[in-house]
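Student: Provided below: structure.txt, containing compact mmCIF, C-alpha atoms.
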```
# COMPACT_ATOMS: atom_id res chain seq x y z
CA MET A 236 26.90 4.22 48.68
CA ASN A 237 24.33 1.51 49.39
CA ASP A 238 21.58 3.72 47.88
CA MET A 239 23.64 4.11 44.69
CA ILE A 240 24.14 0.33 44.41
CA LEU A 241 20.41 -0.18 44.96
CA ARG A 242 19.53 2.32 42.23
CA HIS A 243 21.95 0.67 39.78
CA SER A 244 20.48 -2.75 40.59
CA LEU A 245 16.96 -1.47 40.02
CA ILE A 246 17.90 0.09 36.68
CA SER A 247 19.61 -3.17 35.64
CA CYS A 248 16.49 -5.16 36.51
CA LEU A 249 14.31 -2.82 34.49
CA LEU A 250 16.64 -3.09 31.49
CA VAL A 251 16.57 -6.88 31.70
CA ALA A 252 12.77 -6.78 31.88
CA ALA A 253 12.66 -4.54 28.84
CA VAL A 254 14.67 -7.10 26.89
CA LEU A 255 12.94 -10.24 28.15
CA LEU A 256 9.41 -8.93 28.43
CA PRO A 257 8.85 -6.51 25.53
CA GLY A 258 5.11 -7.24 25.54
CA TRP A 259 4.98 -6.10 29.19
CA VAL A 260 6.94 -2.89 28.59
CA GLN A 261 5.37 -1.99 25.24
CA GLY A 262 2.05 -3.57 24.30
CA GLN A 263 2.69 -2.88 20.63
CA ASP A 264 5.52 -5.42 20.62
CA PHE A 265 3.36 -8.34 21.74
CA PHE A 266 2.43 -10.94 19.11
CA PRO A 267 0.45 -14.13 19.74
CA GLU A 268 2.01 -17.51 19.20
CA LYS A 269 0.63 -19.96 16.64
CA GLY A 270 -2.33 -21.88 18.04
CA HIS A 271 -2.72 -19.69 21.11
CA TRP A 272 -3.72 -16.10 21.81
CA GLU A 273 -3.03 -15.02 25.37
CA GLU A 274 -6.00 -13.70 27.32
CA ARG A 275 -5.93 -10.99 29.99
CA ASN A 276 -8.44 -9.96 32.60
CA PRO A 277 -9.73 -6.58 31.34
CA GLU A 278 -9.27 -4.91 34.74
CA ALA A 279 -5.58 -5.86 34.75
CA LEU A 280 -5.18 -3.56 31.73
CA GLY A 281 -7.30 -0.77 33.22
CA VAL A 282 -10.40 -1.70 31.21
CA GLN A 283 -13.86 -1.42 32.79
CA GLY A 284 -15.03 -5.02 32.72
CA ALA A 285 -18.71 -4.21 33.28
CA ARG A 286 -18.74 -1.78 30.35
CA LEU A 287 -16.96 -4.31 28.16
CA GLN A 288 -19.60 -6.90 29.01
CA GLU A 289 -22.26 -4.41 27.90
CA ALA A 290 -20.54 -4.30 24.50
CA ILE A 291 -20.44 -8.09 24.26
CA ALA A 292 -24.09 -8.35 25.32
CA LEU A 293 -25.01 -5.86 22.59
CA ALA A 294 -23.15 -7.89 19.94
CA ILE A 295 -25.00 -11.04 21.00
CA ARG A 296 -28.38 -9.29 21.26
CA GLU A 297 -28.00 -7.57 17.87
CA GLU A 298 -27.22 -10.74 15.93
CA SER A 299 -28.26 -10.60 12.29
CA ASP A 300 -31.81 -11.81 11.72
CA ALA A 301 -30.93 -13.18 8.27
CA ASP A 302 -31.37 -16.93 7.81
CA PRO A 303 -28.29 -18.91 8.98
CA ASN A 304 -28.63 -20.93 5.77
CA LEU A 305 -26.73 -18.44 3.63
CA LYS A 306 -28.16 -19.82 0.40
CA ILE A 307 -31.67 -19.04 1.64
CA ALA A 308 -30.46 -15.67 2.96
CA HIS A 309 -29.01 -14.94 -0.48
CA TYR A 310 -32.24 -15.65 -2.35
CA LEU A 311 -34.29 -13.65 0.15
CA SER A 312 -32.01 -10.64 -0.28
CA GLY A 313 -31.69 -8.23 -3.17
CA PHE A 314 -28.68 -10.19 -4.42
CA GLY A 315 -30.86 -13.19 -5.20
CA ARG A 316 -33.15 -11.05 -7.33
CA GLU A 317 -30.42 -9.57 -9.51
CA PRO A 318 -30.06 -10.70 -13.14
CA PHE A 319 -27.87 -13.83 -13.08
CA GLY A 320 -27.97 -13.59 -9.28
CA TYR A 321 -27.72 -17.32 -8.53
CA PRO A 322 -24.69 -18.52 -6.51
CA ILE A 323 -21.94 -20.29 -8.44
CA GLY A 324 -19.54 -20.82 -5.53
CA PRO A 325 -19.80 -22.80 -2.27
CA MET A 326 -21.80 -21.33 0.60
CA LYS A 327 -22.00 -22.50 4.21
CA PHE A 328 -24.48 -22.29 7.07
CA ARG A 329 -23.21 -19.60 9.43
CA GLY A 330 -22.72 -19.76 13.18
CA PRO A 331 -24.00 -17.48 15.96
CA ALA A 332 -22.95 -13.91 16.69
CA THR A 333 -19.23 -14.21 17.38
CA GLY A 334 -16.35 -11.91 18.17
CA LEU A 335 -13.04 -11.06 19.78
CA ILE A 336 -11.69 -7.90 21.40
CA ILE A 337 -7.91 -7.52 21.24
CA TYR A 338 -6.41 -4.74 23.39
CA LYS A 339 -2.68 -4.09 23.60
CA GLY A 340 -2.15 -7.45 21.95
CA TYR A 341 -4.23 -9.52 24.39
CA VAL A 342 -7.70 -11.02 24.14
CA ILE A 343 -9.85 -9.20 26.70
CA GLY A 344 -13.25 -10.27 25.42
CA LYS A 345 -14.81 -13.01 23.32
CA TRP A 346 -18.24 -14.40 22.50
CA GLY A 347 -19.90 -16.98 20.28
CA GLU A 348 -17.73 -19.52 18.49
CA PRO A 349 -14.45 -17.79 17.52
CA GLU A 350 -12.88 -21.03 16.26
CA ARG A 351 -15.77 -21.72 13.86
CA VAL A 352 -14.92 -21.31 10.16
CA ASP A 353 -17.50 -19.14 8.39
CA LEU A 354 -17.79 -17.11 5.21
CA THR A 355 -16.59 -13.57 5.68
CA PHE A 356 -17.98 -12.01 2.49
CA SER A 357 -16.24 -8.78 1.38
CA VAL A 358 -13.54 -8.95 4.04
CA ALA A 359 -11.97 -11.20 1.38
CA LYS A 360 -11.32 -8.01 -0.60
CA SER A 361 -8.74 -6.96 2.00
CA PHE A 362 -6.88 -10.22 1.43
CA LEU A 363 -7.04 -9.56 -2.32
CA SER A 364 -5.61 -6.07 -1.81
CA THR A 365 -2.83 -7.70 0.22
CA VAL A 366 -1.71 -10.11 -2.51
CA VAL A 367 -1.76 -7.26 -5.05
CA GLY A 368 0.36 -5.20 -2.66
CA LEU A 369 2.78 -8.10 -2.30
CA ALA A 370 3.08 -8.21 -6.10
CA VAL A 371 4.04 -4.53 -6.04
CA ASP A 372 6.48 -5.15 -3.18
CA GLN A 373 8.08 -7.99 -5.20
CA GLY A 374 8.32 -5.93 -8.39
CA LEU A 375 5.89 -8.16 -10.27
CA ILE A 376 3.82 -4.99 -10.69
CA ALA A 377 6.11 -2.01 -11.08
CA ASN A 378 3.57 0.52 -9.84
CA GLU A 379 -0.11 0.34 -8.93
CA LYS A 380 -0.69 3.32 -11.23
CA ASP A 381 0.40 1.25 -14.25
CA LEU A 382 -2.13 0.22 -16.87
CA VAL A 383 -3.15 -3.39 -16.33
CA HIS A 384 -3.40 -4.58 -19.95
CA PRO A 385 0.38 -4.66 -20.65
CA TYR A 386 0.74 -7.20 -17.82
CA MET A 387 -1.89 -9.57 -19.23
CA ALA A 388 -1.26 -12.62 -21.42
CA PRO A 389 -4.17 -14.49 -23.05
CA ILE A 390 -6.13 -16.31 -20.35
CA ILE A 391 -7.15 -19.86 -21.23
CA PRO A 392 -10.35 -20.98 -19.51
CA TYR A 393 -10.44 -24.59 -18.38
CA ASN A 394 -13.32 -26.34 -20.06
CA PRO A 395 -13.34 -30.15 -19.71
CA ASP A 396 -16.21 -30.38 -22.20
CA LEU A 397 -14.25 -28.62 -24.94
CA ALA A 398 -13.28 -31.84 -26.73
CA HIS A 399 -16.91 -32.79 -27.16
CA ARG A 400 -18.32 -29.58 -28.58
CA ASP A 401 -19.14 -28.90 -32.20
CA LYS A 402 -16.03 -27.13 -33.51
CA ALA A 403 -17.82 -25.68 -36.53
CA ALA A 404 -20.59 -24.17 -34.41
CA HIS A 405 -17.99 -22.29 -32.37
CA LEU A 406 -15.84 -21.23 -35.32
CA ASN A 407 -16.28 -17.52 -34.64
CA GLU A 408 -15.87 -17.71 -30.86
CA GLU A 409 -12.73 -16.62 -29.03
CA ASP A 410 -10.90 -19.46 -27.24
CA VAL A 411 -9.18 -17.20 -24.72
CA ILE A 412 -10.21 -14.45 -22.30
CA ASP A 413 -8.89 -10.97 -23.04
CA LEU A 414 -9.71 -9.16 -19.80
CA PHE A 415 -8.81 -5.72 -21.07
CA SER A 416 -9.93 -5.62 -24.68
CA GLY A 417 -11.48 -2.46 -26.07
CA ILE A 418 -10.55 1.20 -25.77
CA HIS A 419 -12.33 1.70 -22.45
CA ASN A 420 -10.87 -1.29 -20.59
CA ARG A 421 -7.36 -0.56 -21.81
CA LYS A 422 -7.39 2.71 -19.83
CA ILE A 423 -7.75 0.86 -16.52
CA THR A 424 -4.91 0.85 -13.98
CA TRP A 425 -4.33 -1.44 -11.01
CA GLU A 426 -5.26 1.45 -8.74
CA HIS A 427 -8.59 1.91 -10.52
CA LEU A 428 -9.42 -1.73 -9.78
CA LEU A 429 -8.22 -1.45 -6.18
CA ARG A 430 -10.38 1.62 -5.58
CA GLN A 431 -13.41 0.24 -7.45
CA THR A 432 -13.37 3.15 -9.88
CA SER A 433 -12.43 1.21 -13.05
CA ASP A 434 -15.91 0.97 -14.62
CA TRP A 435 -14.58 -2.18 -16.33
CA GLU A 436 -17.16 -3.49 -18.78
CA GLY A 437 -17.71 -7.09 -19.74
CA THR A 438 -18.73 -10.48 -18.38
CA LEU A 439 -16.62 -12.76 -16.21
CA TRP A 440 -17.61 -16.20 -14.90
CA GLY A 441 -21.11 -15.68 -16.31
CA LYS A 442 -21.69 -12.46 -14.36
CA PRO A 443 -22.04 -9.28 -16.49
CA ASP A 444 -20.74 -6.11 -14.84
CA TRP A 445 -24.14 -4.43 -15.29
CA ALA A 446 -25.98 -7.24 -13.47
CA ASP A 447 -24.26 -6.58 -10.11
CA ARG A 448 -26.41 -4.17 -8.08
CA PRO A 449 -28.07 -2.68 -11.20
CA ARG A 450 -29.43 0.80 -10.75
CA GLY A 451 -32.34 2.66 -12.28
CA ALA A 452 -34.80 1.33 -14.83
CA SER A 453 -33.93 -2.01 -16.45
CA GLU A 454 -34.05 -0.55 -19.96
CA THR A 455 -30.99 1.58 -19.08
CA TRP A 456 -28.78 -1.25 -17.80
CA LEU A 457 -27.19 -2.32 -21.07
CA GLY A 458 -26.75 1.15 -22.54
CA ARG A 459 -25.56 2.91 -19.40
CA GLU A 460 -23.13 5.79 -19.64
CA ARG A 461 -19.49 4.67 -19.39
CA ASN A 462 -17.45 6.59 -16.85
CA GLU A 463 -13.83 7.49 -17.35
CA PRO A 464 -11.72 5.14 -15.17
CA GLY A 465 -10.90 6.77 -11.85
CA THR A 466 -13.85 9.17 -11.78
CA VAL A 467 -16.79 7.21 -10.31
CA PHE A 468 -16.85 4.71 -7.41
CA THR A 469 -19.06 1.65 -7.93
CA TYR A 470 -19.03 -1.33 -5.56
CA ASN A 471 -19.04 -4.20 -8.05
CA ASP A 472 -17.96 -7.80 -7.48
CA THR A 473 -17.55 -8.66 -11.17
CA ARG A 474 -14.79 -6.06 -11.33
CA VAL A 475 -13.29 -7.33 -8.08
CA ASN A 476 -13.11 -10.76 -9.68
CA VAL A 477 -11.35 -9.18 -12.66
CA LEU A 478 -8.68 -7.92 -10.27
CA ALA A 479 -8.35 -11.39 -8.70
CA LEU A 480 -7.85 -13.04 -12.10
CA ALA A 481 -5.39 -10.36 -13.22
CA ALA A 482 -3.39 -10.73 -9.98
CA MET A 483 -3.24 -14.53 -10.36
CA ASN A 484 -1.81 -14.10 -13.85
CA VAL A 485 0.91 -11.80 -12.52
CA TRP A 486 1.80 -14.23 -9.72
CA ARG A 487 1.41 -17.29 -12.03
CA LYS A 488 0.14 -19.25 -9.04
CA PRO A 489 -3.14 -19.45 -7.09
CA LEU A 490 -3.66 -16.47 -4.81
CA PRO A 491 -4.45 -18.62 -1.71
CA VAL A 492 -0.96 -20.13 -2.08
CA VAL A 493 0.59 -16.66 -2.19
CA LEU A 494 -1.42 -15.55 0.85
CA ARG A 495 -0.59 -18.67 2.85
CA GLU A 496 3.15 -18.63 2.14
CA ARG A 497 3.74 -14.90 2.54
CA VAL A 498 1.21 -13.91 5.21
CA MET A 499 -1.03 -16.45 6.93
CA ASP A 500 1.62 -19.02 7.91
CA LYS A 501 3.90 -16.24 9.16
CA ILE A 502 1.25 -14.71 11.41
CA GLY A 503 0.43 -18.10 12.93
CA ALA A 504 -2.97 -18.55 11.31
CA SER A 505 -4.70 -21.88 11.69
CA PRO A 506 -4.78 -24.42 8.85
CA THR A 507 -8.58 -24.13 8.63
CA TRP A 508 -9.11 -21.07 6.39
CA ARG A 509 -9.97 -21.53 2.72
CA TRP A 510 -10.18 -18.96 -0.09
CA THR A 511 -12.26 -20.31 -2.94
CA GLY A 512 -13.61 -19.27 -6.31
CA TYR A 513 -16.51 -20.48 -8.42
CA GLU A 514 -17.43 -23.76 -10.05
CA ASN A 515 -16.54 -22.22 -13.43
CA SER A 516 -13.58 -19.97 -12.51
CA PHE A 517 -10.81 -22.39 -13.48
CA VAL A 518 -8.12 -21.53 -16.03
CA VAL A 519 -5.06 -23.26 -17.45
CA LEU A 520 -1.87 -21.40 -16.51
CA ASP A 521 1.63 -22.74 -17.20
CA GLY A 522 0.10 -26.15 -17.87
CA GLN A 523 -1.67 -26.24 -14.50
CA ILE A 524 -5.39 -25.99 -13.75
CA MET A 525 -5.87 -23.10 -11.32
CA GLN A 526 -8.95 -21.61 -9.73
CA SER A 527 -9.35 -17.84 -9.74
CA VAL A 528 -10.75 -16.84 -6.35
CA SER A 529 -13.75 -14.69 -5.53
CA GLY A 530 -13.14 -11.30 -3.97
CA GLY A 531 -16.27 -11.72 -1.87
CA SER A 532 -19.20 -14.09 -1.44
CA HIS A 533 -21.78 -12.21 -3.47
CA TRP A 534 -22.26 -15.33 -5.63
CA GLY A 535 -20.73 -17.81 -3.19
CA GLY A 536 -17.08 -18.63 -2.74
CA GLY A 537 -14.68 -16.21 -1.11
CA MET A 538 -12.92 -16.49 2.23
CA MET A 539 -13.99 -19.06 4.81
CA ILE A 540 -12.11 -18.31 8.04
CA ASN A 541 -12.45 -18.26 11.82
CA ALA A 542 -12.51 -15.20 14.06
CA TYR A 543 -9.02 -15.81 15.50
CA ASP A 544 -7.48 -15.82 12.02
CA LEU A 545 -9.43 -12.67 11.12
CA ALA A 546 -8.06 -11.08 14.29
CA ARG A 547 -4.50 -12.05 13.34
CA PHE A 548 -4.93 -10.40 9.94
CA GLY A 549 -6.48 -7.33 11.58
CA TYR A 550 -3.60 -7.22 14.07
CA LEU A 551 -1.11 -7.39 11.19
CA THR A 552 -2.77 -4.34 9.60
CA LEU A 553 -2.78 -2.62 13.02
CA ARG A 554 1.00 -3.16 13.14
CA LYS A 555 1.39 -1.71 9.62
CA GLY A 556 2.28 -5.03 8.01
CA GLN A 557 4.95 -6.01 10.54
CA TRP A 558 4.92 -9.25 12.54
CA LYS A 559 7.59 -10.15 15.11
CA GLY A 560 10.13 -7.85 13.50
CA GLU A 561 9.49 -9.01 9.92
CA GLN A 562 7.86 -6.60 7.47
CA LEU A 563 5.46 -8.98 5.70
CA ILE A 564 3.68 -6.22 3.75
CA SER A 565 5.61 -3.04 3.05
CA SER A 566 4.76 -0.05 5.23
CA ASP A 567 4.47 1.93 2.01
CA TRP A 568 1.67 -0.33 0.75
CA MET A 569 -0.05 -0.26 4.13
CA ALA A 570 -0.03 3.54 4.06
CA LYS A 571 -1.37 3.69 0.50
CA SER A 572 -4.15 1.25 1.40
CA ARG A 573 -5.56 3.84 3.79
CA VAL A 574 -5.40 6.89 1.55
CA PRO A 575 -8.95 7.93 0.60
CA GLY A 576 -9.77 7.98 -3.08
CA THR A 577 -10.89 11.14 -4.84
CA ALA A 578 -14.11 9.47 -6.02
CA GLN A 579 -14.97 7.96 -2.61
CA ASP A 580 -13.43 9.58 0.44
CA ASN A 581 -14.15 6.74 2.89
CA TYR A 582 -12.61 3.99 0.77
CA GLY A 583 -8.96 3.06 0.39
CA PHE A 584 -7.61 0.04 -1.49
CA MET A 585 -10.28 -2.63 -1.92
CA ASN A 586 -11.89 -3.20 1.46
CA TYR A 587 -10.05 -0.67 3.62
CA PHE A 588 -13.07 1.30 4.79
CA LEU A 589 -12.06 4.60 6.38
CA ASN A 590 -13.77 6.55 9.15
CA THR A 591 -13.54 9.79 7.17
CA GLY A 592 -15.30 12.62 8.97
CA ARG A 593 -16.12 10.03 11.66
CA ARG A 594 -19.27 9.35 9.65
CA GLU A 595 -19.40 5.57 9.84
CA ILE A 596 -18.40 5.18 13.51
CA PRO A 597 -18.79 8.59 15.22
CA ALA A 598 -17.27 7.48 18.54
CA ALA A 599 -14.09 6.22 16.86
CA PRO A 600 -11.10 8.33 15.82
CA GLU A 601 -10.94 9.37 12.19
CA SER A 602 -7.73 7.34 11.84
CA ALA A 603 -9.60 4.07 12.54
CA PHE A 604 -10.38 1.75 9.63
CA PHE A 605 -12.20 -1.51 9.19
CA HIS A 606 -12.33 -4.51 6.90
CA LEU A 607 -16.04 -4.94 6.27
CA GLY A 608 -18.24 -7.63 4.76
CA ALA A 609 -21.91 -8.52 4.58
CA GLY A 610 -23.35 -10.38 7.48
CA THR A 611 -22.18 -8.04 9.00
CA ASN A 612 -18.57 -9.18 9.37
CA MET A 613 -16.25 -6.46 10.65
CA VAL A 614 -12.58 -6.32 11.60
CA TYR A 615 -12.20 -2.92 13.30
CA VAL A 616 -8.63 -1.58 13.56
CA ASP A 617 -7.77 1.36 15.82
CA GLU A 618 -4.12 2.40 16.23
CA ASP A 619 -4.98 5.25 18.60
CA HIS A 620 -6.32 2.75 21.14
CA ASP A 621 -4.15 -0.27 20.22
CA LEU A 622 -7.38 -2.13 19.53
CA VAL A 623 -8.79 -4.74 17.16
CA ILE A 624 -12.42 -5.86 17.28
CA VAL A 625 -13.71 -8.80 15.26
CA SER A 626 -17.50 -8.87 15.14
CA ARG A 627 -19.35 -11.47 13.09
CA TRP A 628 -23.05 -11.64 12.24
CA ILE A 629 -24.01 -8.34 13.88
CA LYS A 630 -26.65 -6.07 12.37
CA ASN A 631 -24.88 -3.42 10.34
CA ALA A 632 -26.73 -0.61 12.12
CA SER A 633 -25.36 -1.81 15.48
CA LYS A 634 -21.66 -2.05 14.69
CA ALA A 635 -20.99 1.61 15.56
CA GLU A 636 -22.63 1.22 18.97
CA LEU A 637 -20.53 -1.89 19.64
CA VAL A 638 -17.33 0.03 18.94
CA ALA A 639 -18.52 2.98 21.06
CA LEU A 640 -19.16 0.75 24.07
CA VAL A 641 -15.76 -0.91 23.76
CA LEU A 642 -14.04 2.47 23.51
CA GLU A 643 -15.94 3.71 26.57
CA SER A 644 -14.55 0.78 28.56
CA LEU A 645 -10.91 1.62 27.84
CA PRO A 646 -8.67 3.67 30.16
CA LYS A 647 -8.98 7.40 29.57
```
Show the structure stored in the file as structure tokens.

Tutor:
Amino acid sequence: MNDMILRHSLISCLLVAAVLLPGWVQGQDFFPEKGHWEERNPEALGVQGARLQEAIALAIREESDADPNLKIAHYLSGFGREPFGYPIGPMKFRGPATGLIIYKGYVIGKWGEPERVDLTFSVAKSFLSTVVGLAVDQGLIANEKDLVHPYMAPIIPYNPDLAHRDKAAHLNEEDVIDLFSGIHNRKITWEHLLRQTSDWEGTLWGKPDWADRPRGASETWLGRERNEPGTVFTYNDTRVNVLALAAMNVWRKPLPVVLRERVMDKIGASPTWRWTGYENSFVVLDGQIMQSVSGGSHWGGGMMINAYDLARFGYLTLRKGQWKGEQLISSDWMAKSRVPGTAQDNYGFMNYFLNTGRREIPAAPESAFFHLGAGTNMVYVDEDHDLVIVSRWIKNASKAELVALVLESLPK
């Protein structure tokens, strides 16, 4: 009889623990509070601390050798030698190699200056994909396979010098931006833009589409063959900026406001991140002057953010868009974001890089994905291991080894 009472008491205690300590019973239910991310000793979670320190040492040792002055780094790179390659958005000196390792919801490793706000380059594309997905979730975009042009009103650029120009000299100039004029551009869908297969043609914010990473001989740049939308993948920031401007016109408000209200505040992000555009990317919308953001930092601008906030966003994508029981981004959109495109099998929506065929990170499962930007800035997301790794300013060739060492440290 006493044994039965003891067993019932033990079961009751375990049930109470399951209710009160969900993060202890199931790591996937743990979410950090705003302003604080709980740390755990790696060994307490079965992680080999010595092996984990090898990974951290590698990340520090393999810091990018590019100039910390990102303007100088830009001009010394191929980007600075492109036609019209000069920056038109703010840039910022970067910090040292920095990172966080989040396992089962807890910080088990960190290095550098994780609270420092730095540019994150093309990781901004994942935030852009998010606000487009939210527009689909809200019904502002009925379906990502819809053509974009029916959603677009005339876009009025903000030009404070307009009142002083010679009206007669500009008689034959258009006063508005028609993003999807012409037979070719009118075939483009939201999905084409998300997958970077639109082959949109034109100039936006002074950056022609052909001037971004031009290929082949210069005499072929202007008369290049046009590809049918959806057939050819081309990583092109002018076209990413087209998507950002189109999305702002659907939301009728600045995209950083949408992101803050619907995602970043809800996941407890700090107040220090900023998503910016260019010095000339302002438009007038509903009587308000609004800046269209950059989808990366190719020409400056983009997302300035610290490693903890990057980790929170990565953790949100690890949890399939759910945070503390609230579905912030629909699970449907999260699943679509990770479906490989037919034109590029390791690329989902915008900056969801996939480990297809385990080519990019051989030690990682094929289901892993990562938000990736120049620098290199990486937010590695691995559902199989309940793992997020933020690594900033590591040499691109070393990111796979970093992930491999972290994975080797985890319980088998």

Student: Do you know which residues are at most 9 Å from A:Glu436 counting all atoms listed in the file, after dropping those on the same chain fewer than 5 positions away, and could you put them as a VMD selection string?

Tutor: chain A and resid 415 419 to 420 443 to 445 461 474

Student: Select all residues near (-9.1, 0.9, -6.7) (cut-off 12 Å, inclusive, file coordinates), counting all atoms listed in the file, and output them as a PyMOL selection string.

Tutor: chain A and resi 360-361+363-364+367-368+379-380+423-435+464-471+474-475+477-478+571-579+582-587

Student: Keeping C-alpha atoms, export the residues of the selection given above as an mmCIF file, in the coordinates of the input.

Tutor:
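Output saved as part_24.cif:
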```cif
data_model
loop_
_atom_site.group_PDB
_atom_site.id
_atom_site.type_symbol
_atom_site.label_atom_id
_atom_site.label_comp_id
_atom_site.auth_asym_id
_atom_site.auth_seq_id
_atom_site.Cartn_x
_atom_site.Cartn_y
_atom_site.Cartn_z
ATOM 1 C CA LYS A 360 -11.320 -8.010 -0.600
ATOM 2 C CA SER A 361 -8.740 -6.960 2.000
ATOM 3 C CA LEU A 363 -7.040 -9.560 -2.320
ATOM 4 C CA SER A 364 -5.610 -6.070 -1.810
ATOM 5 C CA VAL A 367 -1.760 -7.260 -5.050
ATOM 6 C CA GLY A 368 0.360 -5.200 -2.660
ATOM 7 C CA GLU A 379 -0.110 0.340 -8.930
ATOM 8 C CA LYS A 380 -0.690 3.320 -11.230
ATOM 9 C CA ILE A 423 -7.750 0.860 -16.520
ATOM 10 C CA THR A 424 -4.910 0.850 -13.980
ATOM 11 C CA TRP A 425 -4.330 -1.440 -11.010
ATOM 12 C CA GLU A 426 -5.260 1.450 -8.740
ATOM 13 C CA HIS A 427 -8.590 1.910 -10.520
ATOM 14 C CA LEU A 428 -9.420 -1.730 -9.780
ATOM 15 C CA LEU A 429 -8.220 -1.450 -6.180
ATOM 16 C CA ARG A 430 -10.380 1.620 -5.580
ATOM 17 C CA GLN A 431 -13.410 0.240 -7.450
ATOM 18 C CA THR A 432 -13.370 3.150 -9.880
ATOM 19 C CA SER A 433 -12.430 1.210 -13.050
ATOM 20 C CA ASP A 434 -15.910 0.970 -14.620
ATOM 21 C CA TRP A 435 -14.580 -2.180 -16.330
ATOM 22 C CA PRO A 464 -11.720 5.140 -15.170
ATOM 23 C CA GLY A 465 -10.900 6.770 -11.850
ATOM 24 C CA THR A 466 -13.850 9.170 -11.780
ATOM 25 C CA VAL A 467 -16.790 7.210 -10.310
ATOM 26 C CA PHE A 468 -16.850 4.710 -7.410
ATOM 27 C CA THR A 469 -19.060 1.650 -7.930
ATOM 28 C CA TYR A 470 -19.030 -1.330 -5.560
ATOM 29 C CA ASN A 471 -19.040 -4.200 -8.050
ATOM 30 C CA ARG A 474 -14.790 -6.060 -11.330
ATOM 31 C CA VAL A 475 -13.290 -7.330 -8.080
ATOM 32 C CA VAL A 477 -11.350 -9.180 -12.660
ATOM 33 C CA LEU A 478 -8.680 -7.920 -10.270
ATOM 34 C CA LYS A 571 -1.370 3.690 0.500
ATOM 35 C CA SER A 572 -4.150 1.250 1.400
ATOM 36 C CA ARG A 573 -5.560 3.840 3.790
ATOM 37 C CA VAL A 574 -5.400 6.890 1.550
ATOM 38 C CA PRO A 575 -8.950 7.930 0.600
ATOM 39 C CA GLY A 576 -9.770 7.980 -3.080
ATOM 40 C CA THR A 577 -10.890 11.140 -4.840
ATOM 41 C CA ALA A 578 -14.110 9.470 -6.020
ATOM 42 C CA GLN A 579 -14.970 7.960 -2.610
ATOM 43 C CA TYR A 582 -12.610 3.990 0.770
ATOM 44 C CA GLY A 583 -8.960 3.060 0.390
ATOM 45 C CA PHE A 584 -7.610 0.040 -1.490
ATOM 46 C CA MET A 585 -10.280 -2.630 -1.920
ATOM 47 C CA ASN A 586 -11.890 -3.200 1.460
ATOM 48 C CA TYR A 587 -10.050 -0.670 3.620
#
```

Student: For the atom pair atom CA of A:Phe604 and atom CA of A:Glu636, what is the interatomic distance in Å to one decimal place?

Tutor: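 So the two atoms, atom CA of A:Phe604 and atom CA of A:Glu636, lie 15.4 Å apart.
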
Student: For the point (-10.8, -19.9, 4.2) in the file's frame, write as a PyMOL selection string all residues with an atom no more than 7 Å away, counting only C-alpha atoms.

Tutor: chain A and resi 507-510+538-540

Student: Identify, on the basis of only C-alpha atoms, every residue whose closest approach to A:Met387 does not exceed 9 Å; exclude the query and any residue fewer than 6 positions from it along the same chain; express the result as a list in words.

Tutor: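 These residues fall inside the cut-off: Asp413, Leu414, Phe415, Ala481, Asn484 and Val485 of chain A.
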
Student: Between atom CA of A:Leu354 and atom CA of A:Met499, what is the spacing in Å?

Tutor: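 If I compute the distance from atom CA of A:Met499 to atom CA of A:Leu354, I get 16.9 Å.
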
Student: Mind giving me the straight-line distance from atom CA of A:Phe588 to atom CA of A:Phe605 in Å, one decimal?

Tutor: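 According to the coordinates, atom CA of A:Phe588 and atom CA of A:Phe605 are separated by 5.3 Å.
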
Student: My list of candidates is A:Arg547, A:Arg593, A:Lys442, A:His606. Which is closest to A:Phe266 when distances are computed with only C-alpha atoms?

Tutor: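 Using only C-alpha atoms, the shortest distance to A:Phe266 belongs to A:Arg547.
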
Student: Find the residues around stretch 643-646 of chain A up to 12 Å (all atoms listed in the file counted), leave out those fewer than 4 positions away in its own chain, and share them as JSON, numbers by chain.

Tutor: {"A": [277, 278, 279, 280, 281, 282, 283, 284, 285, 286, 287, 288, 289, 290, 291, 336, 337, 338, 339, 343, 344, 598, 599, 619, 620, 621, 622, 636, 637, 638, 639]}

Student: Give me, as number ranges by chain, all polymer residues having an atom no more than 12 Å from A:Trp558, counting all atoms listed in the file and skipping those fewer than 3 positions away in the same chain.

Tutor: A: 263-268, 340, 497-503, 547-555, 561-566

Student: When you count only C-alpha atoms, which of these residues is closest to A:Tyr341: A:Ala359, A:Ile596, A:Ile624, A:Val492?

Tutor: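 Among the listed residues, A:Ile624 lies closest to A:Tyr341.
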
Student: Using all atoms listed in the file, which of the listed residues (A:Pro303, A:Gly610, A:Gly556, A:Pro597) sits closest to A:Lys327?

Tutor: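 The answer is A:Pro303, which sits nearest to A:Lys327.
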
Student: Pick the closest to A:Ile295 from A:Ser633, A:Asn541, A:Ser529, A:Gln373: which is it, counting only C-alpha atoms?

Tutor: A:Ser633

Student: Between A:Lys488, A:Ala452, A:Ala635, A:His271, which residue has the minimum interatomic distance to A:Pro600, considering all atoms listed in the file?

Tutor: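 Of A:Lys488, A:Ala452, A:Ala635, A:His271, the one nearest A:Pro600 is A:Ala635, counting all atoms listed in the file.
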